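Peer 1: Next comes the structure file work01.cif, holding mmCIF, C-alpha atoms, pLDDT in the B column; chains and numbers go by the auth columns.
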```cif
data_coords
#
loop_
_atom_site.group_PDB
_atom_site.id
_atom_site.type_symbol
_atom_site.label_atom_id
_atom_site.label_comp_id
_atom_site.label_asym_id
_atom_site.label_seq_id
_atom_site.Cartn_x
_atom_site.Cartn_y
_atom_site.Cartn_z
_atom_site.B_iso_or_equiv
_atom_site.auth_seq_id
_atom_site.auth_asym_id
ATOM 1 C CA GLY A 1 126.035 114.970 199.668 69.00 103 A
ATOM 2 C CA GLU A 2 123.368 112.381 199.149 77.00 104 A
ATOM 3 C CA ASN A 3 124.380 109.045 197.710 87.00 105 A
ATOM 4 C CA VAL A 4 123.032 105.575 197.038 93.00 106 A
ATOM 5 C CA GLU A 5 125.222 102.495 197.383 95.00 107 A
ATOM 6 C CA GLN A 6 124.225 99.368 195.494 97.00 108 A
ATOM 7 C CA HIS A 7 125.539 95.837 195.953 97.00 109 A
ATOM 8 C CA PRO A 8 126.606 93.571 194.448 97.00 110 A
ATOM 9 C CA SER A 9 127.906 95.026 191.203 97.00 111 A
ATOM 10 C CA THR A 10 127.551 91.659 189.470 98.00 112 A
ATOM 11 C CA LEU A 11 125.450 88.649 190.381 98.00 113 A
ATOM 12 C CA SER A 12 125.231 85.270 188.699 98.00 114 A
ATOM 13 C CA VAL A 13 122.496 82.820 189.616 98.00 115 A
ATOM 14 C CA GLN A 14 121.243 79.539 188.236 98.00 116 A
ATOM 15 C CA GLU A 15 117.901 79.624 186.472 98.00 117 A
ATOM 16 C CA GLY A 16 115.151 79.062 189.012 98.00 118 A
ATOM 17 C CA ASP A 17 117.152 80.411 191.949 98.00 119 A
ATOM 18 C CA SER A 18 116.445 83.705 193.708 98.00 120 A
ATOM 19 C CA ALA A 19 118.404 86.940 193.353 98.00 121 A
ATOM 20 C CA VAL A 20 118.672 89.766 195.866 98.00 122 A
ATOM 21 C CA ILE A 21 120.106 93.215 195.237 98.00 123 A
ATOM 22 C CA LYS A 22 120.524 95.717 198.044 98.00 124 A
ATOM 23 C CA CYS A 23 120.732 99.498 198.140 97.00 125 A
ATOM 24 C CA THR A 24 121.638 101.785 200.994 96.00 126 A
ATOM 25 C CA TYR A 25 120.787 105.486 200.920 94.00 127 A
ATOM 26 C CA SER A 26 122.020 108.444 202.925 90.00 128 A
ATOM 27 C CA ASP A 27 119.067 110.854 203.130 86.00 129 A
ATOM 28 C CA SER A 28 116.855 109.631 205.952 84.00 130 A
ATOM 29 C CA ALA A 29 114.005 111.785 204.601 84.00 131 A
ATOM 30 C CA SER A 30 113.870 109.962 201.242 87.00 132 A
ATOM 31 C CA ASN A 31 110.443 108.389 200.782 88.00 133 A
ATOM 32 C CA TYR A 32 110.349 106.963 197.261 90.00 134 A
ATOM 33 C CA PHE A 33 112.427 103.990 196.137 93.00 135 A
ATOM 34 C CA PRO A 34 112.153 102.766 192.539 94.00 136 A
ATOM 35 C CA TRP A 35 113.941 99.959 190.721 97.00 137 A
ATOM 36 C CA TYR A 36 114.763 100.110 187.017 98.00 138 A
ATOM 37 C CA LYS A 37 115.769 97.307 184.666 98.00 139 A
ATOM 38 C CA GLN A 38 118.000 97.920 181.669 98.00 140 A
ATOM 39 C CA GLU A 39 118.339 95.140 179.138 98.00 141 A
ATOM 40 C CA LEU A 40 121.378 95.077 176.898 96.00 142 A
ATOM 41 C CA GLY A 41 121.280 97.957 174.438 95.00 143 A
ATOM 42 C CA LYS A 42 117.947 99.222 175.741 97.00 144 A
ATOM 43 C CA ARG A 43 116.751 102.092 177.875 98.00 145 A
ATOM 44 C CA PRO A 44 116.071 101.733 181.631 98.00 146 A
ATOM 45 C CA GLN A 45 112.478 100.931 182.529 97.00 147 A
ATOM 46 C CA LEU A 46 110.717 101.017 185.870 96.00 148 A
ATOM 47 C CA ILE A 47 109.857 97.557 187.170 97.00 149 A
ATOM 48 C CA ILE A 48 108.700 98.253 190.701 96.00 150 A
ATOM 49 C CA ASP A 49 108.707 101.034 193.264 94.00 151 A
ATOM 50 C CA ILE A 50 107.849 101.488 196.914 92.00 152 A
ATOM 51 C CA ARG A 51 107.002 104.442 199.091 88.00 153 A
ATOM 52 C CA SER A 52 108.059 104.817 202.683 80.00 154 A
ATOM 53 C CA ASN A 53 104.639 104.161 204.163 79.00 155 A
ATOM 54 C CA VAL A 54 104.887 100.463 203.279 82.00 156 A
ATOM 55 C CA GLY A 55 107.538 97.894 204.103 89.00 157 A
ATOM 56 C CA GLU A 56 107.101 95.510 201.186 94.00 158 A
ATOM 57 C CA LYS A 57 105.554 95.414 197.741 94.00 159 A
ATOM 58 C CA LYS A 58 105.204 92.444 195.412 96.00 160 A
ATOM 59 C CA ASP A 59 104.492 92.078 191.718 94.00 161 A
ATOM 60 C CA GLN A 60 104.519 88.452 190.603 96.00 162 A
ATOM 61 C CA ARG A 61 108.130 87.256 190.881 97.00 163 A
ATOM 62 C CA ILE A 62 109.493 90.634 191.921 98.00 164 A
ATOM 63 C CA ALA A 63 109.367 92.187 195.364 97.00 165 A
ATOM 64 C CA VAL A 64 110.928 95.179 197.068 97.00 166 A
ATOM 65 C CA THR A 65 111.455 95.467 200.806 96.00 167 A
ATOM 66 C CA LEU A 66 112.244 98.641 202.702 95.00 168 A
ATOM 67 C CA ASN A 67 113.918 99.118 206.066 93.00 169 A
ATOM 68 C CA LYS A 68 113.717 102.838 206.836 91.00 170 A
ATOM 69 C CA THR A 69 115.498 102.521 210.163 91.00 171 A
ATOM 70 C CA ALA A 70 118.555 101.011 208.527 92.00 172 A
ATOM 71 C CA LYS A 71 118.114 103.117 205.380 93.00 173 A
ATOM 72 C CA HIS A 72 118.228 100.251 202.947 94.00 174 A
ATOM 73 C CA PHE A 73 115.910 98.598 200.473 96.00 175 A
ATOM 74 C CA SER A 74 116.241 95.449 198.434 97.00 176 A
ATOM 75 C CA LEU A 75 114.990 93.937 195.189 98.00 177 A
ATOM 76 C CA HIS A 76 114.070 90.265 195.316 98.00 178 A
ATOM 77 C CA ILE A 77 113.559 88.207 192.173 98.00 179 A
ATOM 78 C CA THR A 78 112.299 84.658 192.656 98.00 180 A
ATOM 79 C CA GLU A 79 112.337 81.770 190.181 98.00 181 A
ATOM 80 C CA THR A 80 114.764 83.643 187.965 98.00 182 A
ATOM 81 C CA GLN A 81 114.550 83.184 184.203 97.00 183 A
ATOM 82 C CA PRO A 82 117.025 83.995 181.411 96.00 184 A
ATOM 83 C CA GLU A 83 115.015 87.088 180.498 97.00 185 A
ATOM 84 C CA ASP A 84 115.759 88.496 183.950 98.00 186 A
ATOM 85 C CA SER A 85 119.381 88.951 182.834 98.00 187 A
ATOM 86 C CA ALA A 86 119.931 92.714 182.758 98.00 188 A
ATOM 87 C CA VAL A 87 121.387 95.606 184.702 98.00 189 A
ATOM 88 C CA TYR A 88 119.248 96.732 187.622 98.00 190 A
ATOM 89 C CA PHE A 89 119.387 100.218 189.119 98.00 191 A
ATOM 90 C CA CYS A 90 117.935 101.429 192.369 97.00 192 A
ATOM 91 C CA ALA A 91 117.248 105.092 193.120 94.00 193 A
ATOM 92 C CA ALA A 92 116.486 107.170 196.198 90.00 194 A
ATOM 93 C CA PRO A 93 115.565 110.757 195.316 84.00 195 A
ATOM 94 C CA PRO A 94 116.407 113.031 198.271 82.00 196 A
ATOM 95 C CA GLU A 95 113.384 114.551 199.958 79.00 197 A
ATOM 96 C CA GLY A 96 112.797 118.205 199.261 78.00 198 A
ATOM 97 C CA THR A 97 114.778 118.285 196.008 80.00 199 A
ATOM 98 C CA TYR A 98 114.067 117.447 192.417 84.00 200 A
ATOM 99 C CA LYS A 99 117.291 115.490 192.045 87.00 201 A
ATOM 100 C CA TYR A 100 117.301 111.836 191.072 86.00 202 A
ATOM 101 C CA ILE A 101 120.132 109.729 192.435 90.00 203 A
ATOM 102 C CA PHE A 102 120.714 106.240 191.096 93.00 204 A
ATOM 103 C CA GLY A 103 122.840 103.459 192.465 95.00 205 A
ATOM 104 C CA THR A 104 125.741 102.245 190.346 95.00 206 A
ATOM 105 C CA GLY A 105 123.860 99.239 189.022 97.00 207 A
ATOM 106 C CA THR A 106 123.941 95.445 189.348 98.00 208 A
ATOM 107 C CA ARG A 107 124.541 93.223 186.361 98.00 209 A
ATOM 108 C CA LEU A 108 122.452 90.099 186.877 98.00 210 A
ATOM 109 C CA LYS A 109 123.219 87.005 184.841 98.00 211 A
ATOM 110 C CA VAL A 110 120.813 84.098 184.953 98.00 212 A
ATOM 111 C CA LEU A 111 122.582 80.927 183.884 96.00 213 A
ATOM 112 C CA ALA A 112 120.504 78.343 182.063 90.00 214 A
ATOM 113 C CA GLU B 1 102.265 106.585 170.949 82.00 31 B
ATOM 114 C CA ALA B 2 103.558 108.071 174.205 82.00 32 B
ATOM 115 C CA GLN B 3 107.290 108.363 173.990 94.00 33 B
ATOM 116 C CA VAL B 4 110.529 110.215 174.627 97.00 34 B
ATOM 117 C CA THR B 5 112.699 110.716 171.566 97.00 35 B
ATOM 118 C CA GLN B 6 116.340 111.729 171.291 98.00 36 B
ATOM 119 C CA ASN B 7 118.445 112.756 168.333 98.00 37 B
ATOM 120 C CA PRO B 8 120.932 111.855 167.166 98.00 38 B
ATOM 121 C CA ARG B 9 121.226 108.286 168.404 98.00 39 B
ATOM 122 C CA TYR B 10 124.926 108.095 167.590 98.00 40 B
ATOM 123 C CA LEU B 11 127.412 110.914 167.250 97.00 41 B
ATOM 124 C CA ILE B 12 131.157 111.026 166.741 97.00 42 B
ATOM 125 C CA THR B 13 132.692 114.476 166.988 97.00 43 B
ATOM 126 C CA VAL B 14 135.955 116.231 167.689 97.00 44 B
ATOM 127 C CA THR B 15 137.110 118.153 170.722 97.00 45 B
ATOM 128 C CA GLY B 16 135.744 121.680 170.880 97.00 46 B
ATOM 129 C CA LYS B 17 133.026 121.392 168.233 97.00 47 B
ATOM 130 C CA LYS B 18 129.745 122.538 169.734 98.00 48 B
ATOM 131 C CA LEU B 19 126.885 120.065 169.588 98.00 49 B
ATOM 132 C CA THR B 20 123.280 119.724 170.690 98.00 50 B
ATOM 133 C CA VAL B 21 121.398 116.571 171.546 98.00 51 B
ATOM 134 C CA THR B 22 117.665 117.035 171.291 98.00 52 B
ATOM 135 C CA CYS B 23 115.052 115.475 173.550 98.00 53 B
ATOM 136 C CA SER B 24 111.319 115.617 173.065 98.00 54 B
ATOM 137 C CA GLN B 25 108.358 114.054 174.882 97.00 55 B
ATOM 138 C CA ASN B 26 104.727 113.923 173.832 95.00 56 B
ATOM 139 C CA MET B 27 103.211 113.083 177.224 94.00 57 B
ATOM 140 C CA ASN B 28 102.825 116.633 178.556 93.00 58 B
ATOM 141 C CA HIS B 29 105.272 115.808 181.351 93.00 59 B
ATOM 142 C CA GLU B 30 106.486 118.613 183.566 92.00 60 B
ATOM 143 C CA TYR B 31 109.732 117.038 184.752 93.00 61 B
ATOM 144 C CA MET B 32 112.575 116.297 182.359 95.00 62 B
ATOM 145 C CA SER B 33 116.120 115.248 183.036 95.00 63 B
ATOM 146 C CA TRP B 34 119.420 114.313 181.399 98.00 64 B
ATOM 147 C CA TYR B 35 121.690 111.483 182.543 98.00 65 B
ATOM 148 C CA ARG B 36 124.970 110.075 181.434 98.00 66 B
ATOM 149 C CA GLN B 37 125.776 106.404 181.814 98.00 67 B
ATOM 150 C CA ASP B 38 129.353 105.225 182.214 96.00 68 B
ATOM 151 C CA PRO B 39 130.592 101.716 183.098 92.00 69 B
ATOM 152 C CA GLY B 40 130.812 101.233 186.843 89.00 70 B
ATOM 153 C CA LEU B 41 129.304 104.640 187.572 92.00 71 B
ATOM 154 C CA GLY B 42 125.661 103.968 186.801 93.00 72 B
ATOM 155 C CA LEU B 43 123.307 106.744 185.764 95.00 73 B
ATOM 156 C CA ARG B 44 124.380 110.199 186.851 96.00 74 B
ATOM 157 C CA GLN B 45 122.086 113.172 186.554 95.00 75 B
ATOM 158 C CA ILE B 46 123.432 116.125 184.580 98.00 76 B
ATOM 159 C CA TYR B 47 120.572 118.635 184.654 97.00 77 B
ATOM 160 C CA TYR B 48 116.874 118.537 185.325 95.00 78 B
ATOM 161 C CA SER B 49 113.900 120.783 184.684 94.00 79 B
ATOM 162 C CA MET B 50 110.797 121.054 186.817 91.00 80 B
ATOM 163 C CA ASN B 51 108.869 122.989 184.166 91.00 81 B
ATOM 164 C CA VAL B 52 109.267 125.540 181.382 94.00 82 B
ATOM 165 C CA GLU B 53 112.095 127.977 182.114 95.00 83 B
ATOM 166 C CA VAL B 54 112.967 126.173 185.382 94.00 84 B
ATOM 167 C CA THR B 55 116.178 124.147 185.349 96.00 85 B
ATOM 168 C CA ASP B 56 118.754 123.097 187.914 94.00 86 B
ATOM 169 C CA LYS B 57 122.033 121.233 188.171 95.00 87 B
ATOM 170 C CA GLY B 58 122.296 117.548 188.870 93.00 88 B
ATOM 171 C CA ASP B 59 125.418 115.826 190.114 93.00 89 B
ATOM 172 C CA VAL B 60 127.617 116.244 187.026 96.00 90 B
ATOM 173 C CA PRO B 61 126.685 119.518 185.263 98.00 91 B
ATOM 174 C CA GLU B 62 130.175 120.716 184.328 97.00 92 B
ATOM 175 C CA GLY B 63 130.628 121.180 180.591 97.00 93 B
ATOM 176 C CA TYR B 64 126.890 120.999 179.803 98.00 94 B
ATOM 177 C CA LYS B 65 124.068 123.469 179.280 98.00 95 B
ATOM 178 C CA VAL B 66 120.331 122.973 178.943 98.00 96 B
ATOM 179 C CA SER B 67 117.277 125.031 178.158 97.00 97 B
ATOM 180 C CA ARG B 68 113.542 124.498 178.544 97.00 98 B
ATOM 181 C CA LYS B 69 111.704 126.971 176.369 97.00 99 B
ATOM 182 C CA GLU B 70 108.841 124.612 175.597 97.00 100 B
ATOM 183 C CA LYS B 71 107.307 121.933 177.766 96.00 101 B
ATOM 184 C CA ARG B 72 107.991 119.123 175.316 97.00 102 B
ATOM 185 C CA ASN B 73 111.652 119.868 174.518 98.00 103 B
ATOM 186 C CA PHE B 74 114.773 119.749 176.668 98.00 104 B
ATOM 187 C CA PRO B 75 117.971 119.954 174.577 98.00 105 B
ATOM 188 C CA LEU B 76 121.415 119.192 175.982 98.00 106 B
ATOM 189 C CA ILE B 77 124.199 121.443 174.742 98.00 107 B
ATOM 190 C CA LEU B 78 127.907 120.738 174.836 98.00 108 B
ATOM 191 C CA GLU B 79 129.569 124.015 173.895 96.00 109 B
ATOM 192 C CA SER B 80 133.124 122.663 173.826 97.00 110 B
ATOM 193 C CA PRO B 81 133.055 118.864 174.057 98.00 111 B
ATOM 194 C CA SER B 82 136.037 117.041 175.498 98.00 112 B
ATOM 195 C CA PRO B 83 136.970 113.335 175.407 98.00 113 B
ATOM 196 C CA ASN B 84 135.809 112.851 179.014 97.00 114 B
ATOM 197 C CA GLN B 85 132.284 113.578 177.806 98.00 115 B
ATOM 198 C CA THR B 86 132.323 110.425 175.717 98.00 116 B
ATOM 199 C CA SER B 87 129.385 108.536 177.165 98.00 117 B
ATOM 200 C CA LEU B 88 125.869 107.177 176.684 98.00 118 B
ATOM 201 C CA TYR B 89 123.300 109.900 177.321 98.00 119 B
ATOM 202 C CA PHE B 90 119.677 109.419 178.290 98.00 120 B
ATOM 203 C CA CYS B 91 116.875 111.919 178.452 98.00 121 B
ATOM 204 C CA ALA B 92 113.916 111.136 180.701 96.00 122 B
ATOM 205 C CA SER B 93 110.599 112.660 181.676 95.00 123 B
ATOM 206 C CA SER B 94 107.979 112.136 184.346 92.00 124 B
ATOM 207 C CA LEU B 95 104.470 113.419 184.807 85.00 125 B
ATOM 208 C CA SER B 96 104.701 115.552 187.906 66.00 126 B
ATOM 209 C CA GLY B 97 105.936 115.578 191.441 57.00 127 B
ATOM 210 C CA GLY B 98 109.455 115.864 190.200 60.00 128 B
ATOM 211 C CA PRO B 99 111.364 112.640 190.691 60.00 129 B
ATOM 212 C CA LEU B 100 108.672 110.991 192.823 73.00 130 B
ATOM 213 C CA GLY B 101 107.233 109.018 189.969 83.00 131 B
ATOM 214 C CA GLU B 102 108.131 106.830 187.037 89.00 132 B
ATOM 215 C CA GLN B 103 110.793 108.212 184.750 92.00 133 B
ATOM 216 C CA TYR B 104 110.291 107.454 181.055 95.00 134 B
ATOM 217 C CA PHE B 105 113.601 107.232 179.274 97.00 135 B
ATOM 218 C CA GLY B 106 114.497 108.009 175.695 98.00 136 B
ATOM 219 C CA PRO B 107 116.439 105.484 173.592 98.00 137 B
ATOM 220 C CA GLY B 108 119.835 106.999 174.388 98.00 138 B
ATOM 221 C CA THR B 109 122.514 108.861 172.463 98.00 139 B
ATOM 222 C CA ARG B 110 125.972 107.382 172.232 98.00 140 B
ATOM 223 C CA LEU B 111 128.491 110.204 171.986 98.00 141 B
ATOM 224 C CA THR B 112 132.159 109.798 171.158 98.00 142 B
ATOM 225 C CA VAL B 113 134.478 112.815 171.400 98.00 143 B
ATOM 226 C CA THR B 114 137.912 112.365 169.832 97.00 144 B
#
```
When written as structure tokens, how does the structure in this file appear?

Peer 2:
Amino acid sequence: GENVEQHPSTLSVQEGDSAVIKCTYSDSASNYFPWYKQELGKRPQLIIDIRSNVGEKKDQRIAVTLNKTAKHFSLHITETQPEDSAVYFCAAPPEGTYKYIFGTGTRLKVLA
Amino acid sequence: EAQVTQNPRYLITVTGKKLTVTCSQNMNHEYMSWYRQDPGLGLRQIYYSMNVEVTDKGDVPEGYKVSRKEKRNFPLILESPSPNQTSLYFCASSLSGGPLGEQYFGPGTRLTVT
């Protein structure tokens, strides 16, 4: 079946450094790739998404890149701040279904 | 205020005692979904609904039931809860196009089955 692999499971960075989280998906027809952020004790919230007709999308310090050939996409956070500490989830809904498949999450810790 | 609500937020119950977790959205969204979140396993989809009276299984549907009689409500039913259903549950909704759009999550329901 379809699956989404996410790495790393935990990531610690110094404040001001960059963080990169990578997801690999199995359904080559997937064409929508969102990223959600879940702060401690809170609900997941969408922070950025990309569709397969573009290779990169940026929103201030956050960017997502997509490599459809290799079937992977990545979240890039630059100039990390303590408030970036959270769990991040990627997703890659399989084309032609209404399922929603998330990666297993990455716990990002930004060290002051 | 546009929102997804869930009740109860916390629930401790015993094995075999039927329970229902309610989910309601006021955004006129067509797509609604239930997830469970467990450490190391991420968010796993239990059931989803594309519209009223249209539901389908996600990746982990065993032991759960759902119904969608009204557009705004999507209750999750555990007819005979077991300890392995102890988890954090989230309801979510999105406007249309199924999963190809932002999912708005409820605040979560922490369920403990003893």

Peer 1: Which neighbours of stretch 124-133 of chain A fall inside 6 Å, counting all atoms listed in the file, when residues of the same chain fewer than 5 positions from it are skipped, and could you give them as a compact mmCIF listing (two decimals) with C-alpha atoms, in the coordinates of the input?

Peer 2:
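Once everything was written out, this is selection-v2.txt:
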```
# COMPACT_ATOMS: atom_id res chain seq x y z
CA GLU A 104 123.37 112.38 199.15
CA ASN A 105 124.38 109.04 197.71
CA VAL A 106 123.03 105.58 197.04
CA GLU A 107 125.22 102.50 197.38
CA GLN A 108 124.22 99.37 195.49
CA HIS A 109 125.54 95.84 195.95
CA ARG A 153 107.00 104.44 199.09
CA SER A 154 108.06 104.82 202.68
CA LYS A 173 118.11 103.12 205.38
CA HIS A 174 118.23 100.25 202.95
CA PHE A 175 115.91 98.60 200.47
CA SER A 176 116.24 95.45 198.43
CA PRO A 196 116.41 113.03 198.27
CA GLU A 197 113.38 114.55 199.96
```

Peer 1: In Å to one decimal, how far is atom CA of B:Lys101 from atom CA of B:Val82?

Peer 2: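 These two atoms are separated by 5.5 Å.
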
Peer 1: Do you know which residues lie at most 10 Å from (128.5, 77.4, 187.8), with coordinates as in the file and only C-alpha atoms counted, and could you write them as a ChimeraX atom specification?

Peer 2: /A:114-116,213-214

Peer 1: Would you translate the PyMOL selection byres ((chain A and resi 146) around 12) into the concrete set of residues it matches in this file, as an MDAnalysis selection string?

Peer 2: (chainID A and resid 136:145 147:149 188:192 204 207) or (chainID B and resid 65 67 72:73 119:122 132:138)

Peer 1: Evaluating the PyMOL selection byres ((chain B and resi 61) around 7) on the displayed file yields which residues, as a PDB file with C-alpha atoms, in the frame of the given file?

Peer 2:
```
ATOM      1  CA  HIS B  59     105.272 115.808 181.351  1.00 93.00           C
ATOM      2  CA  GLU B  60     106.486 118.613 183.566  1.00 92.00           C
ATOM      3  CA  MET B  62     112.575 116.297 182.359  1.00 95.00           C
ATOM      4  CA  SER B  63     116.120 115.248 183.036  1.00 95.00           C
ATOM      5  CA  SER B  79     113.900 120.783 184.684  1.00 94.00           C
ATOM      6  CA  MET B  80     110.797 121.054 186.817  1.00 91.00           C
ATOM      7  CA  ASN B  81     108.869 122.989 184.166  1.00 91.00           C
ATOM      8  CA  SER B 123     110.599 112.660 181.676  1.00 95.00           C
ATOM      9  CA  SER B 124     107.979 112.136 184.346  1.00 92.00           C
ATOM     10  CA  LEU B 125     104.470 113.419 184.807  1.00 85.00           C
ATOM     11  CA  SER B 126     104.701 115.552 187.906  1.00 66.00           C
ATOM     12  CA  GLY B 128     109.455 115.864 190.200  1.00 60.00           C
TER      13      GLY B 128
END
```

Peer 1: Run the PyMOL selection byres ((chain B and resi 37) around 12) mentally over the shown coordinates, then write out the matched residues as a list of chain:residue names, using the chain letters and numbers from the document.

Peer 2: B:Val34, B:Thr35, B:Gln36, B:Pro38, B:Arg39, B:Tyr40, B:Leu41, B:Leu49, B:Thr50, B:Val51, B:Thr52, B:Cys53, B:Ser54, B:Asn103, B:Phe104, B:Pro105, B:Leu106, B:Tyr119, B:Phe120, B:Cys121, B:Gly136, B:Pro137, B:Gly138, B:Thr139, B:Arg140, B:Leu141

Peer 1: Using atom CA of A:Val166 and atom CA of A:Pro184 as the two end points, give the distance in Å to one decimal.

Peer 2: 20.2 Å

Peer 1: For each of A:Gly118, A:Gln162, A:Asp151, A:Lys211, take the minimum atom-to-atom distance to chain B, counting all atoms listed in the file, then give the residue where this is smallest.

Peer 2: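 Looking at the shortest contact to chain B, the residue is A:Asp151.
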